[in-house]
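> Coordinates in upload-v9.cif, mmCIF, C-alpha atoms, are listed below.
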```cif
data_my_file
#
loop_
_atom_site.label_atom_id
_atom_site.label_comp_id
_atom_site.auth_asym_id
_atom_site.auth_seq_id
_atom_site.Cartn_x
_atom_site.Cartn_y
_atom_site.Cartn_z
CA ILE H 35 0.00 0.00 0.00
CA VAL H 36 1.34 3.45 -0.92
CA THR H 37 -0.21 6.77 0.11
CA GLY H 38 0.78 10.39 0.37
CA PHE H 39 2.23 11.66 3.63
CA ASN H 40 -0.98 13.50 4.56
CA PHE H 41 -3.51 10.87 3.40
CA THR H 42 -6.71 10.60 5.45
CA PHE H 43 -9.86 8.54 5.08
CA GLY H 44 -13.09 7.62 6.85
CA ALA H 45 -15.65 9.63 8.76
CA MET H 46 -14.28 13.08 9.56
CA ALA H 47 -10.89 11.91 8.21
CA ALA H 48 -10.35 9.82 11.33
CA GLY H 49 -8.04 7.38 9.53
CA ASN H 50 -4.55 8.40 8.49
CA THR H 51 -1.17 6.97 7.59
CA ASP H 52 -0.64 5.76 11.18
CA THR H 53 -3.93 3.82 10.96
CA ILE H 54 -2.88 2.19 7.70
CA GLN H 55 0.63 1.43 9.02
CA CYS H 56 -0.89 -0.39 12.01
CA PHE H 57 -3.31 -2.33 9.79
CA ALA H 58 -0.56 -3.23 7.32
CA GLU H 59 1.72 -4.56 10.06
CA LYS H 60 -1.10 -6.74 11.49
CA LYS H 61 -1.89 -8.16 8.04
CA GLY H 62 1.72 -8.54 6.92
CA VAL H 63 1.25 -6.10 4.05
CA GLY H 64 3.87 -3.59 2.97
CA PHE H 65 3.13 0.10 3.44
CA ALA H 66 4.88 3.33 2.49
CA ALA H 67 3.85 6.95 2.90
CA VAL H 68 5.44 9.10 0.21
CA SER H 69 6.85 12.37 1.48
CA GLY H 70 5.51 15.68 0.23
CA VAL H 71 6.76 17.34 -2.94
CA THR H 72 6.90 21.10 -3.40
CA SER H 73 6.58 22.74 -6.82
CA PRO H 74 9.05 25.43 -7.94
CA ASP H 75 6.45 28.08 -7.01
CA GLY H 76 6.35 26.80 -3.41
CA HIS H 77 2.99 24.99 -3.47
CA THR H 78 2.59 21.46 -2.18
CA VAL H 79 1.93 19.11 -5.09
CA SER H 80 -1.30 17.24 -4.42
CA SER H 81 -4.04 15.55 -6.41
CA THR H 82 -6.52 18.02 -4.90
CA ARG H 83 -4.54 21.01 -6.20
CA ILE H 84 -4.16 19.41 -9.65
CA ARG H 85 -7.93 18.70 -9.87
CA GLN H 86 -8.68 22.30 -8.81
CA MET H 87 -6.35 23.64 -11.50
CA ILE H 88 -7.97 21.48 -14.20
CA HIS H 89 -11.51 22.40 -13.08
CA SER H 90 -10.58 26.11 -13.29
CA GLY H 91 -8.98 25.79 -16.74
CA GLN H 92 -5.38 26.25 -15.60
CA MET H 93 -3.53 23.96 -18.00
CA ASP H 94 0.06 24.78 -17.04
CA LEU H 95 0.59 21.73 -14.86
CA PHE H 96 4.33 21.22 -15.52
CA PRO H 97 5.32 22.42 -12.02
CA TYR H 98 3.05 19.66 -10.69
CA LEU H 99 3.21 16.88 -13.29
CA ASP H 100 5.89 15.77 -15.73
CA ARG H 101 3.46 16.09 -18.65
CA ARG H 102 0.50 18.06 -19.94
CA PHE H 103 -3.03 17.22 -18.87
CA SER H 104 -4.57 14.97 -21.52
CA LEU H 105 -7.73 12.99 -22.14
CA ARG H 106 -8.18 9.91 -24.29
CA LEU H 107 -11.36 10.30 -26.33
CA GLU H 108 -13.20 8.62 -29.19
CA TYR H 109 -14.42 11.12 -31.73
CA GLU H 110 -17.17 10.54 -34.24
CA SER H 111 -16.94 11.22 -37.94
CA GLY H 112 -18.30 14.46 -39.20
CA ASP H 113 -17.25 17.99 -39.85
CA PRO H 114 -16.43 19.27 -37.34
CA ALA H 115 -15.09 16.27 -35.42
CA VAL H 116 -16.91 15.88 -32.08
CA ALA H 117 -16.18 13.72 -29.04
CA LEU H 118 -18.12 13.22 -25.80
CA LEU H 119 -16.15 13.43 -22.60
CA PRO H 120 -16.55 10.32 -20.47
CA CYS H 121 -18.65 10.60 -17.31
CA GLY H 122 -16.81 10.69 -13.99
CA VAL H 123 -13.59 11.99 -15.52
CA ILE H 124 -11.95 15.21 -14.40
CA THR H 125 -12.48 17.72 -17.19
CA PRO H 126 -11.65 21.36 -17.78
CA PRO H 127 -14.51 23.88 -17.75
CA SER H 128 -16.39 24.90 -20.87
CA GLY H 129 -14.28 27.11 -23.12
CA THR H 130 -11.85 27.12 -26.02
CA TYR H 131 -8.42 25.52 -25.64
CA ASP H 132 -5.26 25.23 -27.69
CA VAL H 133 -4.64 21.48 -27.90
CA MET H 134 -2.42 18.89 -29.54
CA VAL H 135 -4.29 15.88 -30.91
CA HIS H 136 -2.54 12.54 -31.24
CA LEU H 137 -4.45 10.15 -33.49
CA SER H 138 -4.48 6.44 -32.65
CA ASP H 139 -5.12 3.39 -34.74
CA ARG H 140 -7.78 0.85 -33.85
CA LYS H 141 -5.31 -1.29 -31.88
CA GLY H 142 -4.69 1.56 -29.48
CA SER H 143 -1.12 2.40 -30.44
CA ASP H 144 -0.55 6.10 -31.00
CA ARG H 145 -0.19 7.15 -34.58
CA LYS H 146 0.65 10.84 -34.41
CA GLY H 147 -1.13 12.39 -37.37
CA SER H 148 -0.70 11.16 -40.87
CA GLU H 149 2.97 12.22 -41.04
CA GLY H 150 4.15 11.31 -37.56
CA ASP H 151 3.31 14.64 -35.94
CA ALA H 152 0.72 15.72 -33.41
CA LEU H 153 -1.96 17.98 -34.83
CA ALA H 154 -2.27 21.46 -33.34
CA CYS H 155 -5.84 22.72 -33.25
CA GLU H 156 -8.53 24.25 -31.07
CA ALA H 157 -10.97 22.31 -28.92
CA ASP H 158 -14.24 23.85 -27.78
CA ILE H 159 -15.67 22.20 -24.67
CA SER H 160 -19.37 22.75 -24.08
CA CYS H 161 -22.04 21.19 -21.90
CA ILE H 162 -24.86 19.08 -23.25
CA TYR H 163 -27.50 19.24 -20.55
CA ALA H 164 -30.18 16.67 -19.98
CA ALA H 165 -33.18 17.93 -17.97
CA ASP H 166 -30.92 20.30 -16.02
CA GLU H 167 -27.17 20.75 -15.58
CA LYS H 168 -27.05 18.64 -12.38
CA ASP H 169 -28.68 15.67 -14.15
CA PRO H 170 -26.19 12.76 -14.33
CA ALA H 171 -27.11 12.33 -18.00
CA SER H 172 -25.54 15.74 -18.75
CA LYS H 173 -22.26 15.46 -20.61
CA LYS H 174 -19.57 17.70 -22.03
CA SER H 175 -18.64 17.58 -25.69
CA VAL H 176 -15.39 18.53 -27.40
CA THR H 177 -15.51 19.99 -30.91
CA PHE H 178 -12.19 20.15 -32.76
CA SER H 179 -11.45 22.89 -35.29
CA GLY H 180 -8.37 23.56 -37.38
CA GLY H 181 -5.38 21.25 -37.54
CA GLY H 182 -6.73 19.17 -40.42
CA ILE H 183 -8.12 16.30 -38.35
CA ASP H 184 -9.25 13.47 -40.62
CA CYS H 185 -12.96 13.20 -39.86
CA SER H 186 -13.65 9.96 -41.73
CA GLY H 187 -14.77 7.21 -39.36
CA SER H 188 -14.44 7.27 -35.60
CA ARG H 189 -11.17 6.72 -33.81
CA PRO H 190 -9.55 7.16 -30.43
CA VAL H 191 -7.46 10.28 -29.90
CA SER H 192 -5.30 11.59 -27.10
CA VAL H 193 -5.85 15.31 -26.53
CA GLU H 194 -3.14 17.33 -24.73
CA PHE H 195 -4.47 20.59 -23.31
CA LEU H 196 -1.94 23.41 -23.79
CA LYS H 197 -3.87 26.43 -22.56
CA MET H 198 -7.34 27.86 -22.19
CA LYS H 199 -7.85 30.73 -24.59
CA SER H 200 -9.07 34.03 -23.24
CA SER H 201 -11.75 36.03 -25.01
CA SER H 202 -9.00 38.36 -26.31
CA ASP H 203 -7.00 35.53 -28.01
#
```
Would it be possible to restate this file's structure as C-alpha cells?

Amino acid sequence: IVTGFNFTFGAMAAGNTDTIQCFAEKKGVGFAAVSGVTSPDGHTVSSTRIRQMIHSGQMDLFPYLDRRFSLRLEYESGDPAVALLPCGVITPPSGTYDVMVHLSDRKGSDRKGSEGDALACEADISCIYAADEKDPASKKSVTFSGGGIDCSGSRPVSVEFLKMKSSSD
C-alpha cells in the first residue's frame, strides 16, 4: 500500500497513515507513505490542487506533473469532429483551448497524425444538458477545429491541453 504523507480517510478523516501502518503490520502487508513534494512556485503538489487547477482551466501543470493534462477520447466522424467526454472523468470547464491531438489506430497504439506529428488545433468544450445541468445524464462535448483532423470514421485520440484561450486571443 502506498499513500501520500498526509492521506486521510473515513468519517471526519479519522483514519490516516498511522492507521494504515498499524493495519498493514497486522496483516503482513507492505506500506509506504510518500513524502511531500513542493513545486518550484512553493505549493505542495497534491491531487486536490491538480484537480482544482484542471476544473478552473489552468492547464500549465508542468510544475506539478511531468506532462501536460490529456484525455483519451473517441471522436465521431463528421465535420467538425466531435467527441463526448466520459462521465466521472476530471475535465476542464467549458471554453476554447489550444490542444495537440494525437491520433491512434484501432489497436490503441498512438499514430501521431498522418505524417508522424501531433496535430495542433482548437478544442471547444461545451455542456450538453439533460433535464438540467445537475442531471447525471448531462455530458460535455469537445468539438475540434483547425489542424486538419481526418474526420472519416471514428477513432480514439489523445488530446493534450496546452492552454485555455481568453476572449481576447
> Can you list, as a PyMOL selection string, the residues that the PyMOL selection byres ((chain H and resi 119) around 8) selects here?
chain H and resi 107+117-118+120-121+123+125+173-176
> Would you list the contacts of Met93 (chain H) as a list in words, taking every protein, DNA or RNA residue within 8 Å and counting only C-alpha atoms, but skipping same-chain residues closer than 6 positions in sequence?
Met87, Arg102, Phe103, Phe195, Leu196, Lys197 and Met198 of chain H
> I'd like the interatomic distance between CA of Asp94 (chain H) and CA of Asn40 (chain H), to a tenth of an Å.
24.4 Å
> Find the residues around Ser200 (chain H) up to 12 Å (only C-alpha atoms counted), leave out those fewer than 2 positions away in its own chain, and share them as an MDAnalysis selection string.
chainID H and resid 91:92 128:132 197:198 202:203
> Any idea what's packed within 6 Å of Val135 (chain H), counting all atoms listed in the file, ignoring anything in its chain fewer than 5 positions away? Could you give it as a list in words?
Ala152, Leu153, Ser192 and Val193 of chain H
> Could you jot down the CA of Ala45 (chain H) to CA of Arg83 (chain H) separation for me, Å, one decimal place?
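Pair CA of Ala45 (chain H) / CA of Arg83 (chain H) returns 21.8 Å.
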> Which value, in Å to one decimal, gives the distance between CA of Thr53 (chain H) and CA of Gly122 (chain H)?
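One can read the CA of Thr53 (chain H) to CA of Gly122 (chain H) distance as 28.9 Å.
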> Run the PyMOL selection byres ((chain H and resi 81) around 12) against the file shown and list the residues it catches, as JSON, numbers by chain.
{"H": [37, 38, 40, 41, 70, 71, 78, 79, 80, 82, 83, 84, 85, 86, 87, 88, 95, 98, 99, 124]}
> I'd like the neighbourhood of Glu156 (chain H) as a ChimeraX atom specification, where a residue qualifies if any of its atoms comes within 9 Å (using only C-alpha atoms), though same-chain residues fewer than 5 positions away should be ignored.
/H:130-134,177-181
